[in-house]
>>> print(open('entry.pdb').read())   # PDB, C-alpha atoms
ATOM      1  CA  PHE B  17      10.309  11.594  29.431  1.00  0.00           C
ATOM      2  CA  PHE B  18      12.762  11.729  32.339  1.00  0.00           C
ATOM      3  CA  PHE B  19      15.766  11.219  30.030  1.00  0.00           C
ATOM      4  CA  PRO B  20      15.670  13.969  27.388  1.00  0.00           C
ATOM      5  CA  HIS B  21      19.013  12.831  25.897  1.00  0.00           C
ATOM      6  CA  TYR B  22      17.482   9.489  24.908  1.00  0.00           C
ATOM      7  CA  ARG B  23      16.297   8.866  21.354  1.00  0.00           C
ATOM      8  CA  LEU B  24      12.623   8.130  20.906  1.00  0.00           C
ATOM      9  CA  VAL B  25      11.473   5.670  18.245  1.00  0.00           C
ATOM     10  CA  VAL B  26       7.757   5.133  17.641  1.00  0.00           C
ATOM     11  CA  THR B  27       6.612   2.138  15.634  1.00  0.00           C
ATOM     12  CA  GLY B  28       3.518   0.134  14.834  1.00  0.00           C
ATOM     13  CA  HIS B  29       1.704  -2.020  12.291  1.00  0.00           C
ATOM     14  CA  SER B  30      -1.616  -1.387  10.538  1.00  0.00           C
ATOM     15  CA  LEU B  31      -3.873   0.710  12.803  1.00  0.00           C
ATOM     16  CA  GLY B  32      -0.941   0.809  15.217  1.00  0.00           C
ATOM     17  CA  ALA B  33       1.150   2.353  12.428  1.00  0.00           C
ATOM     18  CA  GLY B  34      -1.429   5.097  12.073  1.00  0.00           C
ATOM     19  CA  CYS B  35      -1.349   5.665  15.844  1.00  0.00           C
ATOM     20  CA  ALA B  36       2.463   5.705  15.751  1.00  0.00           C
ATOM     21  CA  ALA B  37       2.504   8.410  13.066  1.00  0.00           C
ATOM     22  CA  LEU B  38       0.056  10.552  15.039  1.00  0.00           C
ATOM     23  CA  VAL B  39       1.945  10.036  18.321  1.00  0.00           C
ATOM     24  CA  SER B  40       5.279  10.964  16.709  1.00  0.00           C
ATOM     25  CA  LEU B  41       3.651  14.101  15.312  1.00  0.00           C
ATOM     26  CA  MET B  42       2.396  14.999  18.803  1.00  0.00           C
ATOM     27  CA  PHE B  43       5.836  14.327  20.347  1.00  0.00           C
ATOM     28  CA  ARG B  44       7.759  16.201  17.647  1.00  0.00           C
ATOM     29  CA  GLN B  45       7.964  19.480  19.554  1.00  0.00           C
ATOM     30  CA  GLN B  46       9.099  17.870  22.807  1.00  0.00           C
ATOM     31  CA  PHE B  47      11.404  15.346  21.106  1.00  0.00           C
ATOM     32  CA  PRO B  48      12.746  16.984  17.914  1.00  0.00           C
ATOM     33  CA  LYS B  49      14.704  13.849  17.004  1.00  0.00           C
ATOM     34  CA  VAL B  50      11.754  11.463  17.282  1.00  0.00           C
ATOM     35  CA  GLU B  51      11.620   8.829  14.552  1.00  0.00           C
ATOM     36  CA  CYS B  52       8.606   6.823  13.403  1.00  0.00           C
ATOM     37  CA  PHE B  53       8.564   3.581  11.418  1.00  0.00           C
ATOM     38  CA  ALA B  54       5.012   2.872  10.287  1.00  0.00           C
ATOM     39  CA  PHE B  55       4.453  -0.583   8.802  1.00  0.00           C
ATOM     40  CA  CYS B  56       1.427  -0.850   6.493  1.00  0.00           C
ATOM     41  CA  PRO B  57      -0.403   2.248   7.816  1.00  0.00           C
ATOM     42  CA  PRO B  58      -3.989   2.993   6.733  1.00  0.00           C
ATOM     43  CA  GLY B  59      -4.240   4.980   3.505  1.00  0.00           C
ATOM     44  CA  GLY B  60      -6.980   7.346   4.691  1.00  0.00           C
ATOM     45  CA  LEU B  61      -4.893   8.950   7.414  1.00  0.00           C
ATOM     46  CA  PHE B  62      -3.212  12.319   6.740  1.00  0.00           C
ATOM     47  CA  SER B  63      -4.110  15.263   4.541  1.00  0.00           C
ATOM     48  CA  GLU B  64      -1.684  15.921   1.687  1.00  0.00           C
ATOM     49  CA  ARG B  65      -0.029  18.836   3.481  1.00  0.00           C
ATOM     50  CA  LEU B  66       0.322  16.942   6.761  1.00  0.00           C
ATOM     51  CA  ALA B  67       1.638  13.803   5.030  1.00  0.00           C
ATOM     52  CA  GLU B  68       4.358  15.833   3.319  1.00  0.00           C
ATOM     53  CA  SER B  69       5.261  17.773   6.463  1.00  0.00           C
ATOM     54  CA  CYS B  70       6.418  14.657   8.332  1.00  0.00           C
ATOM     55  CA  THR B  71       8.690  13.150   5.655  1.00  0.00           C
ATOM     56  CA  ASP B  72      11.767  13.971   7.775  1.00  0.00           C
ATOM     57  CA  PHE B  73      10.794  11.799  10.715  1.00  0.00           C
ATOM     58  CA  VAL B  74       8.116   9.331   9.553  1.00  0.00           C
ATOM     59  CA  THR B  75       8.946   6.400   7.267  1.00  0.00           C
ATOM     60  CA  SER B  76       6.054   4.259   6.060  1.00  0.00           C
ATOM     61  CA  PHE B  77       6.447   0.782   4.630  1.00  0.00           C
ATOM     62  CA  VAL B  78       3.964  -0.679   2.128  1.00  0.00           C
ATOM     63  CA  ASN B  79       4.197  -4.410   1.513  1.00  0.00           C
ATOM     64  CA  ASP B  80       3.572  -5.117  -2.184  1.00  0.00           C
ATOM     65  CA  THR B  81      -0.209  -5.286  -2.923  1.00  0.00           C
ATOM     66  CA  ASP B  82      -1.345  -4.710   0.692  1.00  0.00           C
ATOM     67  CA  VAL B  83      -4.895  -3.310   0.612  1.00  0.00           C
ATOM     68  CA  ILE B  84      -4.826  -1.313   3.872  1.00  0.00           C
ATOM     69  CA  PRO B  85      -2.412   1.472   2.773  1.00  0.00           C
ATOM     70  CA  ARG B  86      -4.615   1.878  -0.320  1.00  0.00           C
ATOM     71  CA  MET B  87      -7.931   1.909   1.548  1.00  0.00           C
ATOM     72  CA  SER B  88      -8.887   5.580   1.428  1.00  0.00           C
ATOM     73  CA  LEU B  89     -12.420   6.803   0.797  1.00  0.00           C
ATOM     74  CA  LYS B  90     -11.591   7.991  -2.725  1.00  0.00           C
ATOM     75  CA  ASN B  91     -10.007   4.638  -3.590  1.00  0.00           C
ATOM     76  CA  LEU B  92     -13.039   2.757  -2.281  1.00  0.00           C
ATOM     77  CA  GLU B  93     -15.339   4.990  -4.321  1.00  0.00           C
ATOM     78  CA  ARG B  94     -13.218   4.367  -7.417  1.00  0.00           C
ATOM     79  CA  LEU B  95     -13.306   0.608  -6.799  1.00  0.00           C
ATOM     80  CA  ARG B  96     -17.109   0.734  -6.432  1.00  0.00           C
ATOM     81  CA  ASP B  97     -17.485   2.673  -9.687  1.00  0.00           C
ATOM     82  CA  ASN B  98     -15.190   0.294 -11.557  1.00  0.00           C
ATOM     83  CA  ALA B  99     -17.131  -2.691 -10.188  1.00  0.00           C
ATOM     84  CA  PHE B 100     -20.429  -1.255 -11.458  1.00  0.00           C
ATOM     85  CA  GLU B 101     -18.932  -0.565 -14.897  1.00  0.00           C
ATOM     86  CA  THR B 102     -17.533  -4.099 -15.068  1.00  0.00           C
ATOM     87  CA  LEU B 103     -20.854  -5.664 -14.055  1.00  0.00           C
ATOM     88  CA  ALA B 104     -22.567  -3.789 -16.867  1.00  0.00           C
ATOM     89  CA  SER B 105     -19.984  -5.156 -19.327  1.00  0.00           C
ATOM     90  CA  ILE B 106     -20.358  -8.866 -18.511  1.00  0.00           C
ATOM     91  CA  LYS B 107     -21.752 -10.845 -21.455  1.00  0.00           C
ATOM     92  CA  VAL B 108     -21.743 -14.380 -19.991  1.00  0.00           C
ATOM     93  CA  PRO B 109     -23.712 -15.931 -17.108  1.00  0.00           C
ATOM     94  CA  LYS B 110     -22.278 -14.962 -13.713  1.00  0.00           C
ATOM     95  CA  VAL B 111     -21.747 -18.655 -12.873  1.00  0.00           C
ATOM     96  CA  GLN B 112     -19.429 -19.010 -15.855  1.00  0.00           C
ATOM     97  CA  LEU B 113     -17.570 -15.870 -14.861  1.00  0.00           C
ATOM     98  CA  TYR B 114     -17.179 -17.138 -11.298  1.00  0.00           C
ATOM     99  CA  LYS B 115     -15.654 -20.408 -12.548  1.00  0.00           C
ATOM    100  CA  VAL B 116     -13.160 -18.511 -14.688  1.00  0.00           C
ATOM    101  CA  LEU B 117     -12.172 -16.295 -11.758  1.00  0.00           C
ATOM    102  CA  GLN B 118     -11.320 -19.384  -9.710  1.00  0.00           C
ATOM    103  CA  ARG B 119      -8.564 -20.310 -12.155  1.00  0.00           C
ATOM    104  CA  LYS B 120      -5.110 -18.779 -12.249  1.00  0.00           C
ATOM    105  CA  CYS B 121      -4.566 -16.590 -15.282  1.00  0.00           C
ATOM    106  CA  ASN B 122      -1.279 -15.668 -16.924  1.00  0.00           C
ATOM    107  CA  ASP B 123      -0.910 -12.046 -18.005  1.00  0.00           C
ATOM    108  CA  ARG B 124      -0.553 -12.958 -21.666  1.00  0.00           C
ATOM    109  CA  ASP B 125      -4.001 -14.655 -21.602  1.00  0.00           C
ATOM    110  CA  LEU B 126      -5.770 -11.740 -19.940  1.00  0.00           C
ATOM    111  CA  ALA B 127      -6.728  -9.850 -23.114  1.00  0.00           C
ATOM    112  CA  ALA B 128      -8.247 -12.963 -24.682  1.00  0.00           C
ATOM    113  CA  LEU B 129     -10.247 -13.714 -21.536  1.00  0.00           C
ATOM    114  CA  ASN B 130     -11.540 -10.149 -21.349  1.00  0.00           C
ATOM    115  CA  ALA B 131     -12.738 -10.371 -24.948  1.00  0.00           C
ATOM    116  CA  LEU B 132     -14.490 -13.645 -24.156  1.00  0.00           C
ATOM    117  CA  LEU B 133     -16.222 -12.450 -20.974  1.00  0.00           C
ATOM    118  CA  LEU B 134     -16.755  -8.697 -21.378  1.00  0.00           C
ATOM    119  CA  TYR B 135     -18.327  -6.339 -23.885  1.00  0.00           C
ATOM    120  CA  SER B 136     -16.196  -3.489 -25.147  1.00  0.00           C
ATOM    121  CA  PRO B 137     -17.392  -0.104 -23.752  1.00  0.00           C
ATOM    122  CA  GLU B 138     -19.155   0.828 -26.979  1.00  0.00           C
ATOM    123  CA  ASP B 139     -20.955  -2.548 -27.219  1.00  0.00           C
ATOM    124  CA  VAL B 140     -22.421  -2.635 -23.690  1.00  0.00           C
ATOM    125  CA  PRO B 141     -26.208  -3.311 -23.965  1.00  0.00           C
ATOM    126  CA  LYS B 142     -28.200  -0.249 -22.972  1.00  0.00           C
ATOM    127  CA  ASP B 143     -31.637  -1.881 -22.739  1.00  0.00           C
ATOM    128  CA  THR B 144     -31.117  -3.772 -19.481  1.00  0.00           C
ATOM    129  CA  ASP B 145     -32.518  -2.925 -16.047  1.00  0.00           C
ATOM    130  CA  PHE B 146     -29.014  -2.844 -14.596  1.00  0.00           C
ATOM    131  CA  PHE B 147     -27.780  -0.333 -17.177  1.00  0.00           C
ATOM    132  CA  SER B 148     -30.814   1.872 -16.461  1.00  0.00           C
ATOM    133  CA  GLN B 149     -29.992   1.777 -12.746  1.00  0.00           C
ATOM    134  CA  LEU B 150     -26.339   2.498 -13.516  1.00  0.00           C
ATOM    135  CA  GLU B 151     -27.305   5.579 -15.535  1.00  0.00           C
ATOM    136  CA  THR B 152     -29.406   6.813 -12.602  1.00  0.00           C
ATOM    137  CA  PHE B 153     -26.443   6.288 -10.269  1.00  0.00           C
ATOM    138  CA  ARG B 154     -24.116   8.181 -12.625  1.00  0.00           C
ATOM    139  CA  SER B 155     -26.548  11.081 -12.848  1.00  0.00           C
ATOM    140  CA  THR B 156     -26.971  11.282  -9.074  1.00  0.00           C
ATOM    141  CA  LYS B 157     -23.220  11.160  -8.586  1.00  0.00           C
ATOM    142  CA  ARG B 158     -22.671  14.021 -11.063  1.00  0.00           C
ATOM    143  CA  GLN B 159     -25.278  16.148  -9.306  1.00  0.00           C
ATOM    144  CA  GLN B 160     -23.861  15.530  -5.836  1.00  0.00           C
ATOM    145  CA  GLY B 161     -20.236  15.978  -6.855  1.00  0.00           C
ATOM    146  CA  SER B 162     -17.382  14.862  -4.625  1.00  0.00           C
ATOM    147  CA  SER B 163     -17.092  16.248  -1.099  1.00  0.00           C
ATOM    148  CA  SER B 164     -14.596  13.725   0.303  1.00  0.00           C
ATOM    149  CA  VAL B 165     -11.103  14.848   1.300  1.00  0.00           C
ATOM    150  CA  HIS B 166      -8.255  12.900  -0.271  1.00  0.00           C
ATOM    151  CA  LEU B 167      -6.122  11.393   2.520  1.00  0.00           C
ATOM    152  CA  PHE B 168      -2.666   9.822   2.208  1.00  0.00           C
ATOM    153  CA  ILE B 169       0.001   7.607   3.765  1.00  0.00           C
ATOM    154  CA  PRO B 170       2.228   9.684   6.073  1.00  0.00           C
ATOM    155  CA  GLY B 171       5.869  10.603   5.587  1.00  0.00           C
ATOM    156  CA  SER B 172       8.459   9.080   3.290  1.00  0.00           C
ATOM    157  CA  ILE B 173       7.299   5.807   1.757  1.00  0.00           C
ATOM    158  CA  ILE B 174       9.227   2.628   1.011  1.00  0.00           C
ATOM    159  CA  HIS B 175       7.365   0.150  -1.195  1.00  0.00           C
ATOM    160  CA  VAL B 176       8.562  -3.461  -0.837  1.00  0.00           C
ATOM    161  CA  VAL B 177       7.785  -5.027  -4.225  1.00  0.00           C
ATOM    162  CA  LYS B 178       7.893  -8.702  -5.135  1.00  0.00           C
ATOM    163  CA  ALA B 179      10.177  -9.164  -8.124  1.00  0.00           C
ATOM    164  CA  CYS B 180       9.308 -12.410  -9.924  1.00  0.00           C
ATOM    165  CA  SER B 181      11.277 -14.333 -12.489  1.00  0.00           C
ATOM    166  CA  VAL B 182       8.098 -15.202 -14.403  1.00  0.00           C
ATOM    167  CA  ASN B 183       5.391 -13.071 -15.996  1.00  0.00           C
ATOM    168  CA  ASN B 184       2.913 -13.587 -13.190  1.00  0.00           C
ATOM    169  CA  CYS B 185       3.747 -13.650  -9.478  1.00  0.00           C
ATOM    170  CA  ILE B 186       0.626 -15.684  -8.801  1.00  0.00           C
ATOM    171  CA  LEU B 187       2.165 -18.591 -10.704  1.00  0.00           C
ATOM    172  CA  SER B 188       5.443 -18.404  -8.832  1.00  0.00           C
ATOM    173  CA  SER B 189       6.126 -19.523  -5.276  1.00  0.00           C
ATOM    174  CA  THR B 190       9.599 -17.970  -5.229  1.00  0.00           C
ATOM    175  CA  TYR B 191      10.378 -14.292  -5.577  1.00  0.00           C
ATOM    176  CA  ASN B 192      12.784 -11.611  -4.449  1.00  0.00           C
ATOM    177  CA  CYS B 193      11.757  -8.460  -2.610  1.00  0.00           C
ATOM    178  CA  LEU B 194      12.904  -5.119  -3.956  1.00  0.00           C
ATOM    179  CA  PRO B 195      12.591  -1.981  -1.780  1.00  0.00           C
ATOM    180  CA  GLN B 196      12.061   1.287  -3.605  1.00  0.00           C
ATOM    181  CA  TRP B 197      11.078   4.837  -2.785  1.00  0.00           C
ATOM    182  CA  ALA B 198       7.463   5.583  -3.610  1.00  0.00           C
ATOM    183  CA  ASP B 199       5.232   8.630  -3.803  1.00  0.00           C
ATOM    184  CA  LYS B 200       1.981   8.977  -1.893  1.00  0.00           C
ATOM    185  CA  ASP B 201       0.115   9.156  -5.216  1.00  0.00           C
ATOM    186  CA  ASP B 202       1.432   5.708  -6.210  1.00  0.00           C
ATOM    187  CA  PHE B 203      -1.254   4.160  -3.995  1.00  0.00           C
ATOM    188  CA  ASP B 204      -4.313   5.857  -5.501  1.00  0.00           C
ATOM    189  CA  GLU B 205      -6.114   2.626  -6.378  1.00  0.00           C
ATOM    190  CA  ILE B 206      -6.892  -0.703  -4.727  1.00  0.00           C
ATOM    191  CA  LEU B 207      -5.192  -3.606  -6.494  1.00  0.00           C
ATOM    192  CA  LEU B 208      -7.403  -6.691  -6.710  1.00  0.00           C
ATOM    193  CA  SER B 209      -4.765  -9.323  -6.089  1.00  0.00           C
ATOM    194  CA  PRO B 210      -4.898 -12.742  -4.387  1.00  0.00           C
ATOM    195  CA  THR B 211      -2.283 -11.383  -1.971  1.00  0.00           C
ATOM    196  CA  LEU B 212      -3.965  -8.081  -1.057  1.00  0.00           C
ATOM    197  CA  VAL B 213      -4.929  -9.417   2.405  1.00  0.00           C
ATOM    198  CA  GLY B 214      -1.992 -11.742   3.026  1.00  0.00           C
ATOM    199  CA  ASP B 215       0.511  -8.970   2.279  1.00  0.00           C
ATOM    200  CA  HIS B 216      -0.864  -7.073   5.276  1.00  0.00           C
ATOM    201  CA  SER B 217      -0.074  -9.802   7.809  1.00  0.00           C
ATOM    202  CA  THR B 218       2.810  -9.168  10.188  1.00  0.00           C
ATOM    203  CA  ALA B 219       4.335 -12.538   9.294  1.00  0.00           C
ATOM    204  CA  CYS B 220       4.502 -11.586   5.601  1.00  0.00           C
ATOM    205  CA  VAL B 221       5.851  -8.110   6.354  1.00  0.00           C
ATOM    206  CA  ILE B 222       8.593  -9.479   8.624  1.00  0.00           C
ATOM    207  CA  ALA B 223       9.539 -12.217   6.141  1.00  0.00           C
ATOM    208  CA  ASN B 224       9.814  -9.776   3.239  1.00  0.00           C
ATOM    209  CA  LEU B 225      11.806  -7.202   5.231  1.00  0.00           C
ATOM    210  CA  ASP B 226      14.143  -9.944   6.477  1.00  0.00           C
ATOM    211  CA  ALA B 227      14.656 -11.049   2.885  1.00  0.00           C
ATOM    212  CA  VAL B 228      15.495  -7.473   1.891  1.00  0.00           C
ATOM    213  CA  VAL B 229      18.008  -7.018   4.710  1.00  0.00           C
ATOM    214  CA  LYS B 230      19.680 -10.394   4.141  1.00  0.00           C
ATOM    215  CA  SER B 231      20.111  -9.670   0.450  1.00  0.00           C
ATOM    216  CA  PHE B 232      22.613  -6.923   1.273  1.00  0.00           C
ATOM    217  CA  ASP B 233      25.885  -6.983   3.144  1.00  0.00           C
ATOM    218  CA  GLU B 234      25.593  -5.857   6.752  1.00  0.00           C
ATOM    219  CA  ASP B 235      27.886  -2.950   6.015  1.00  0.00           C
ATOM    220  CA  SER B 236      25.939  -1.880   2.943  1.00  0.00           C
ATOM    221  CA  LYS B 237      24.219   1.467   3.301  1.00  0.00           C
ATOM    222  CA  GLU B 238      22.781   1.954  -0.158  1.00  0.00           C
ATOM    223  CA  VAL B 239      20.691  -0.108  -2.532  1.00  0.00           C
ATOM    224  CA  GLU B 240      20.518   0.636  -6.251  1.00  0.00           C
ATOM    225  CA  THR B 241      17.293  -0.136  -8.080  1.00  0.00           C
ATOM    226  CA  GLU B 242      17.318  -1.966 -11.410  1.00  0.00           C
ATOM    227  CA  ASN B 243      17.373   1.207 -13.498  1.00  0.00           C
ATOM    228  CA  ASN B 244      20.177   2.698 -11.348  1.00  0.00           C
ATOM    229  CA  GLN B 245      18.258   5.969 -11.128  1.00  0.00           C
ATOM    230  CA  ASP B 246      16.908   5.760  -7.592  1.00  0.00           C
ATOM    231  CA  SER B 247      18.447   4.469  -4.406  1.00  0.00           C
ATOM    232  CA  ILE B 248      17.280   3.994  -0.858  1.00  0.00           C
ATOM    233  CA  GLN B 249      19.037   3.711   2.425  1.00  0.00           C
ATOM    234  CA  ILE B 250      18.281   0.470   4.226  1.00  0.00           C
ATOM    235  CA  GLY B 251      21.207   0.648   6.609  1.00  0.00           C
ATOM    236  CA  PHE B 252      18.840   1.855   9.312  1.00  0.00           C
ATOM    237  CA  LEU B 253      17.096  -1.547   9.197  1.00  0.00           C
ATOM    238  CA  THR B 254      20.202  -3.435  10.238  1.00  0.00           C
ATOM    239  CA  GLU B 255      21.174  -0.580  12.549  1.00  0.00           C
ATOM    240  CA  ALA B 256      17.794  -0.771  14.277  1.00  0.00           C
ATOM    241  CA  ASN B 257      18.154  -4.524  14.746  1.00  0.00           C
ATOM    242  CA  GLU B 258      21.612  -4.049  16.251  1.00  0.00           C
ATOM    243  CA  MET B 259      20.378  -1.311  18.591  1.00  0.00           C
ATOM    244  CA  LEU B 260      17.489  -3.377  19.878  1.00  0.00           C
ATOM    245  CA  ALA B 261      19.712  -6.416  20.341  1.00  0.00           C
ATOM    246  CA  SER B 262      22.390  -4.522  22.228  1.00  0.00           C
ATOM    247  CA  SER B 263      21.801  -4.008  25.931  1.00  0.00           C
ATOM    248  CA  SER B 264      24.295  -1.137  25.938  1.00  0.00           C
ATOM    249  CA  MET B 265      22.113   0.979  23.648  1.00  0.00           C
ATOM    250  CA  ARG B 266      19.523   2.898  25.633  1.00  0.00           C
ATOM    251  CA  THR B 267      16.883   3.696  23.037  1.00  0.00           C
ATOM    252  CA  PRO B 268      13.389   3.672  24.551  1.00  0.00           C
ATOM    253  CA  THR B 269      10.830   2.507  22.004  1.00  0.00           C
ATOM    254  CA  PHE B 270       7.171   3.394  22.226  1.00  0.00           C
ATOM    255  CA  VAL B 271       5.349   0.564  20.451  1.00  0.00           C
ATOM    256  CA  CYS B 272       1.828   0.972  19.061  1.00  0.00           C
ATOM    257  CA  CYS B 273       0.311  -2.311  17.958  1.00  0.00           C
ATOM    258  CA  THR B 274      -3.051  -3.506  16.693  1.00  0.00           C
TER
END
>>> encode(input="entry.pdb", output="structure tokens")
Amino acid sequence: FFFPHYRLVVTGHSLGAGCAALVSLMFRQQFPKVECFAFCPPGGLFSERLAESCTDFVTSFVNDTDVIPRMSLKNLERLRDNAFETLASIKVPKVQLYKVLQRKCNDRDLAALNALLLYSPEDVPKDTDFFSQLETFRSTKRQQGSSSVHLFIPGSIIHVVKACSVNNCILSSTYNCLPQWADKDDFDEILLSPTLVGDHSTACVIANLDAVVKSFDEDSKEVETENNQDSIQIGFLTEANEMLASSSMRTPTFVCCT
């Protein structure tokens, strides 16, 4: 605060990323050039208008299937509703279903497994106690309506996606990481993946970002996606590393961490 000519960079991970976005918003008037890098911020954070208003100075990173950036109230409600609908559709003993869920499943076998384990929507038995309770829940939900406010990830969003050489990432221990621009609405559901918790860890985030940076030349400033329609600038990643490593660069960094 005593050196107004200094750049201010605010950063954090998880809850710290949410704090970093809020702090940068508070500092914006005093430090117009403030920058925020939010790694895996909570999904239920900013209103739509506020999330869009900070795209110039807040960059959020989402690591593949990470559950935290998708954990808004609306997404949790949608997950609950889908879980109830799925429970009503199960046509085998729960023990059998549990055993199947413990096994890895290739995408091409998914349709056959669903047919084996689940009723189609029109064939769901309607004479069970659970279905009666589900109908009561649906009726109550319709009467109450939805009063929750849809909240979003702040700023511009970079989604680091695992690009696998096989049909199913779960079956592969090796993969490349592809960074791509994303929209706040791209994270409107919680993905039930074996990696939804692990992708949130700082170790996984750092490893995947390092893999992204190392896959490009140090002088490269632009990355083309596979369809050559979108591109993102990742030069700031290597630039940030160089700035922090250089003692001659005086860039104070306010770090929010969980």
>>> atom_distance(input="entry.pdb", atom1="CA of Asp139 in chain B", atom2="CA of Glu151 in chain B")
15.6 Å
>>> residues_around(input="entry.pdb", residues="range 95-98 of chain B", least_positions_apart="3", cutoff="8 Å", atoms="all atoms listed in the file", output="PyMOL selection string")
chain B and resi 91-92+101-102+205-206
>>> write_last_selection(input="entry.pdb", atoms="C-alpha atoms", output="compact mmCIF listing (two decimals), keeping the file's coordinate frame")
# COMPACT_ATOMS: atom_id res chain seq x y z
CA ASN B 91 -10.01 4.64 -3.59
CA LEU B 92 -13.04 2.76 -2.28
CA GLU B 101 -18.93 -0.56 -14.90
CA THR B 102 -17.53 -4.10 -15.07
CA GLU B 205 -6.11 2.63 -6.38
CA ILE B 206 -6.89 -0.70 -4.73
>>> resolve_selection(input="entry.pdb", expression="the PyMOL selection byres ((chain B and resi 111-117) around 12)", output="VMD selection string")
chain B and resid 102 to 103 105 to 110 118 to 121 126 129 to 130 132 to 134 208 to 210
>>> resolve_selection(input="entry.pdb", expression="the PyMOL selection byres ((chain B and resi 75-86) around 8)", output="PyMOL selection string")
chain B and resi 30+52-60+71+73-74+87-88+91+169-178+203-207+209+211-216+221+224
>>> resolve_selection(input="entry.pdb", expression="the PyMOL selection byres ((chain B and resi 41) around 12)", output="PyMOL selection string")
chain B and resi 25-26+34-40+42-52+62+66-67+69-74+170-171
>>> residues_around(input="entry.pdb", residues="Ser231 in chain B", least_positions_apart="4", cutoff="9 Å", atoms="all atoms listed in the file", output="list in words")
Cys193, Asp226 and Ala227 of chain B
>>> write_last_selection(input="entry.pdb", atoms="C-alpha atoms", output="CSV table (one decimal), in the frame of the given file")
chain,number,residue,atom,x,y,z
B,193,CYS,CA,11.8,-8.5,-2.6
B,226,ASP,CA,14.1,-9.9,6.5
B,227,ALA,CA,14.7,-11.0,2.9
>>> atom_distance(input="entry.pdb", atom1="CA of Val165 in chain B", atom2="CA of Asp202 in chain B")
17.2 Å
>>> atom_distance(input="entry.pdb", atom1="CA of Asp145 in chain B", atom2="CA of Lys90 in chain B")
27.1 Å
>>> closest_residue(input="entry.pdb", among="B:Lys200, B:Leu225, B:Thr218, B:Arg124", to="Leu167 in chain B", atoms="all atoms listed in the file")
B:Lys200
>>> closest_residue(input="entry.pdb", among="B:Gly161, B:Ala104, B:Arg154, B:Arg23", to="Tyr135 in chain B", atoms="only C-alpha atoms")
B:Ala104
>>> decode(input="entry.pdb", residues="range 48-52 of chain B", atoms="all heavy atoms", output="PDB file, in the first residue's frame")
ATOM      1  N   PRO B  48      -6.199  -0.261  -9.686  1.00  0.00           N
ATOM      2  CA  PRO B  48      -6.919  -0.576 -10.928  1.00  0.00           C
ATOM      3  C   PRO B  48      -6.299  -1.713 -11.725  1.00  0.00           C
ATOM      4  O   PRO B  48      -6.992  -2.356 -12.507  1.00  0.00           O
ATOM      5  CB  PRO B  48      -6.850   0.748 -11.716  1.00  0.00           C
ATOM      6  CG  PRO B  48      -6.600   1.801 -10.680  1.00  0.00           C
ATOM      7  CD  PRO B  48      -5.753   1.146  -9.640  1.00  0.00           C
ATOM      8  N   LYS B  49      -4.991  -1.965 -11.519  1.00  0.00           N
ATOM      9  CA  LYS B  49      -4.328  -3.009 -12.290  1.00  0.00           C
ATOM     10  C   LYS B  49      -4.199  -4.316 -11.502  1.00  0.00           C
ATOM     11  O   LYS B  49      -3.409  -5.195 -11.864  1.00  0.00           O
ATOM     12  CB  LYS B  49      -2.944  -2.535 -12.730  1.00  0.00           C
ATOM     13  CG  LYS B  49      -2.989  -1.377 -13.723  1.00  0.00           C
ATOM     14  CD  LYS B  49      -1.599  -0.998 -14.207  1.00  0.00           C
ATOM     15  CE  LYS B  49      -1.656   0.133 -15.224  1.00  0.00           C
ATOM     16  NZ  LYS B  49      -0.300   0.513 -15.721  1.00  0.00           N
ATOM     17  N   VAL B  50      -4.971  -4.464 -10.439  1.00  0.00           N
ATOM     18  CA  VAL B  50      -4.905  -5.693  -9.656  1.00  0.00           C
ATOM     19  C   VAL B  50      -5.281  -6.886 -10.530  1.00  0.00           C
ATOM     20  O   VAL B  50      -6.134  -6.790 -11.414  1.00  0.00           O
ATOM     21  CB  VAL B  50      -5.847  -5.605  -8.429  1.00  0.00           C
ATOM     22  CG1 VAL B  50      -7.303  -5.494  -8.858  1.00  0.00           C
ATOM     23  CG2 VAL B  50      -5.662  -6.806  -7.519  1.00  0.00           C
ATOM     24  N   GLU B  51      -4.605  -8.007 -10.310  1.00  0.00           N
ATOM     25  CA  GLU B  51      -4.904  -9.236 -11.018  1.00  0.00           C
ATOM     26  C   GLU B  51      -5.164 -10.341 -10.007  1.00  0.00           C
ATOM     27  O   GLU B  51      -4.512 -10.407  -8.961  1.00  0.00           O
ATOM     28  CB  GLU B  51      -3.735  -9.654 -11.922  1.00  0.00           C
ATOM     29  CG  GLU B  51      -3.494  -8.741 -13.097  1.00  0.00           C
ATOM     30  CD  GLU B  51      -2.317  -9.220 -13.923  1.00  0.00           C
ATOM     31  OE1 GLU B  51      -1.161  -8.834 -13.585  1.00  0.00           O
ATOM     32  OE2 GLU B  51      -2.526  -9.994 -14.866  1.00  0.00           O
ATOM     33  N   CYS B  52      -6.110 -11.225 -10.321  1.00  0.00           N
ATOM     34  CA  CYS B  52      -6.430 -12.334  -9.438  1.00  0.00           C
ATOM     35  C   CYS B  52      -6.391 -13.638 -10.215  1.00  0.00           C
ATOM     36  O   CYS B  52      -6.968 -13.748 -11.300  1.00  0.00           O
ATOM     37  CB  CYS B  52      -7.823 -12.140  -8.820  1.00  0.00           C
ATOM     38  SG  CYS B  52      -8.394 -13.556  -7.849  1.00  0.00           S
TER      39      CYS B  52
END
